[in-house]
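Report on the following structure.
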Amino acid sequence: RLQESRERLSVFSKLCYAVGGAPYQITGCALGFFLQIYLLDVAQVDAFYASIILFVGRVWDAITDPMVGFFISKTSWTRFGRLMPWIIFSTPFAIISYFLIWFVPDISTGQVMWYLVFYCAFQTLVTCFHVPYSALTMFISREQSERDSATAYRMTVEVLGSVLGTAIQGQIVGKVDTPCIESSFFLGLTNSSVAMEELNTTHDSESLTDTRNAYMIAAGVIGGLYILCALILVLGVREKRESSELQSDEPVSFLQGLKLVMNHGPYIKLIAGFLFTSLAFMLLEGNFALFCTYTLGFRNEFQNILLAIMLSATLTIPFWQWFLTHLGKKTAVYVGISSAIPFLIVVVVVDSNLFVTYVVAVAAGISVAAAFLLPWSMLPDVIDDFKLQHPSSHGHEAIFFSFYVFFTKFTAGVSLGISTLSLDFAGYQTRGCTQPDQVNFTLKMLVSAVPVGLILLSLLLFKLYPIDEEKRRKNKKALQDLR
């Protein structure tokens, strides 16, 4: 009991730890929801090149996770810890590169390279923040219940960060009327390229300039929040070493650790299940702004619909924490993630109706909360199971977290690149006020049919995940005895 009391974290420490996860979600949500429509309609990048930027950026983001995990495993402990220095030194450079993503350079050539370079640079730097932050879960307490509680705090704040990212980006940008061009079909013109060229030369460019300025203002506000959250994390959380690591300061073998981690069955099964869940929600996230704008026709409301989803998710995080504590994490997976399926179907089957869309958004947010909370709540259980099977091997937490993120990001990059390319093949018109029927059909597939199929596949894979509540209790007792 005395040992458990020493391991208990104060509410202040949990809040400071939780706030540290907000920058990743704030910037990630702003990029996830708005970067595609920004590249297509504001920066006016061709859909084919936009797909390359999104694909390469996401894949590079995935590659950087194991790279950073490798270098963290080689990092020696300092008086600030082993993980905190990465967070401290990456923050200022991440903010600069994030701002430049939302800047439209006044250059005739090289615009695609501009966005590709700074998008990849930001993904690298934010990975240098997020991988050590994620691994920090294992170094704030040795008590499973305290880590679960801290994870619940973290997920609540991270979803709140997603709300902030959606609200700041959406409300600032949404107040500016982004100019669009009427389709040549409705103008009775037969030569689409000529019509677009004539309309572009005569269209008032001031509205587009205002829209670009709005994106930069939003980037500045988000950058300020990034700094604030990083400071709270660094000043309010103390990184603790495992007692087994106090005996030696020798860096662990990354390749040996990687081999052990990848041979751990529960880890692979957990990755497989959440891989397809993440794909489903990332496809929805990446295409939802376009879907609301063109397919549903809510050009001036999509930012509020996104906000409704994220607010609903934030408010239901405590419910899912209670649910997984009392009914088990696997049960929470089945109930929470599958609850999104009927709403994803309704939003494309029912005729465009703003009230119905808001109802669906609020209901879908409940499932989004489960998708946020459960992966990060279950991963520490897998690491505990690994420690019991390999008691003499330590220091692999960064490998677990970095490769977990790597697989989800890599496949998300492939899927988002393919989805943007699909819009190009369907005939997406840059800055069009409306889109061809093929584009609207493609958007319906990308936000409904494909995510539903991926969720169903993930639920089947979770049947193979072996760590249930009984197994968790046995592991907890065994770890306490070992310590």
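To be explicit about the labels: the chains of the structure tokens are called A, B, and onward in the order shown, and within each one the residues are counted from 1, while ligands get numbers from 1 in the order they are shown.
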
Query raised in the report: Any idea what's packed within 12 Å of Ala22 in chain A, counting only C-alpha atoms, ignoring anything in its chain fewer than 6 positions away? Could you give it as a VMD selection string?
Result: chain A and resid 15 to 16 28 to 29 126 129 to 130 133 to 134 153 to 165 222 to 223 225 to 233

Residues at most 8 Å from range 328-332 of chain A, counting only C-alpha atoms, excluding those fewer than 5 positions away in the same chain, as a CSV table (one decimal) with N, CA and C atoms, in the first residue's frame?
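Contents of around.csv, as written:
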chain,number,residue,atom,x,y,z
A,320,TRP,N,-16.4,6.6,-21.9
A,320,TRP,CA,-15.6,5.5,-22.4
A,320,TRP,C,-14.6,5.0,-21.4
A,323,PHE,N,-16.5,3.0,-19.1
A,323,PHE,CA,-17.0,1.8,-19.7
A,323,PHE,C,-15.8,0.8,-19.7
A,337,ILE,N,-16.5,1.3,-31.4
A,337,ILE,CA,-16.1,1.5,-32.8
A,337,ILE,C,-17.2,1.1,-33.8
A,370,ALA,N,-14.1,6.8,-28.7
A,370,ALA,CA,-13.6,5.5,-28.4
A,370,ALA,C,-12.4,5.2,-29.3
A,374,LEU,N,-9.1,4.2,-26.9
A,374,LEU,CA,-8.8,2.7,-26.7
A,374,LEU,C,-7.4,2.3,-27.2
A,378,MET,N,-4.8,0.5,-24.5
A,378,MET,CA,-4.5,-0.9,-24.6
A,378,MET,C,-3.0,-1.1,-24.8
A,462,PHE,N,-9.9,-8.0,-34.0
A,462,PHE,CA,-9.8,-7.8,-32.6
A,462,PHE,C,-10.3,-9.1,-31.8
A,468,ASP,N,-7.4,-10.0,-22.4
A,468,ASP,CA,-8.7,-9.6,-21.8
A,468,ASP,C,-8.6,-9.1,-20.4
A,469,GLU,N,-9.7,-8.8,-19.7
A,469,GLU,CA,-9.6,-8.3,-18.4
A,469,GLU,C,-8.9,-9.3,-17.4

Query raised in the report: Within 8 Å of Leu344 in chain A, counting only C-alpha atoms, which residues qualify if same-chain residues fewer than 5 places away don't, as a ChimeraX atom specification?
Result: /A:360,364,447-449,452

Give me a file of those residues, with C-alpha atoms, as a tab-separated table (two decimals), in the first residue's frame.
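Okay, result-v4.tsv is ready:
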chain	number	residue	atom	x	y	z
A	360	VAL	CA	-25.22	12.26	-37.26
A	364	ALA	CA	-20.44	9.87	-34.78
A	447	VAL	CA	-16.57	8.79	-46.20
A	448	SER	CA	-19.02	5.90	-45.93
A	449	ALA	CA	-18.63	2.62	-47.81
A	452	VAL	CA	-17.54	0.90	-42.91

Requested in this report: Assign secondary structure with DSSP using the backbone only, and return the residues of range 345-406 of chain A in alpha helix (DSSP H) as a PyMOL selection string.
Outcome: chain A and resi 345-349+354-389+397-406

Query - Pick from A:Leu296, A:Leu388, A:Ala152, A:Met282, whichever lies nearest to Thr316 in chain A using only C-alpha atoms - result: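 Nearest to Thr316 in chain A: A:Ala152.
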
Query - Between CA of Leu31 in chain A and CA of Ala369 in chain A - distance in Å to one decimal - result: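 Result for CA of Ala369 in chain A versus CA of Leu31 in chain A: 19.0 Å, one decimal.
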
Report task. Point out the residue among A:Ala62, A:Ala135, A:Leu35, A:Leu116 with the least atom-to-atom distance to Tyr215 in chain A, counting only C-alpha atoms. Result ->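 Checking each of A:Ala62, A:Ala135, A:Leu35, A:Leu116 against Tyr215 in chain A, counting only C-alpha atoms, the winner is A:Leu35.
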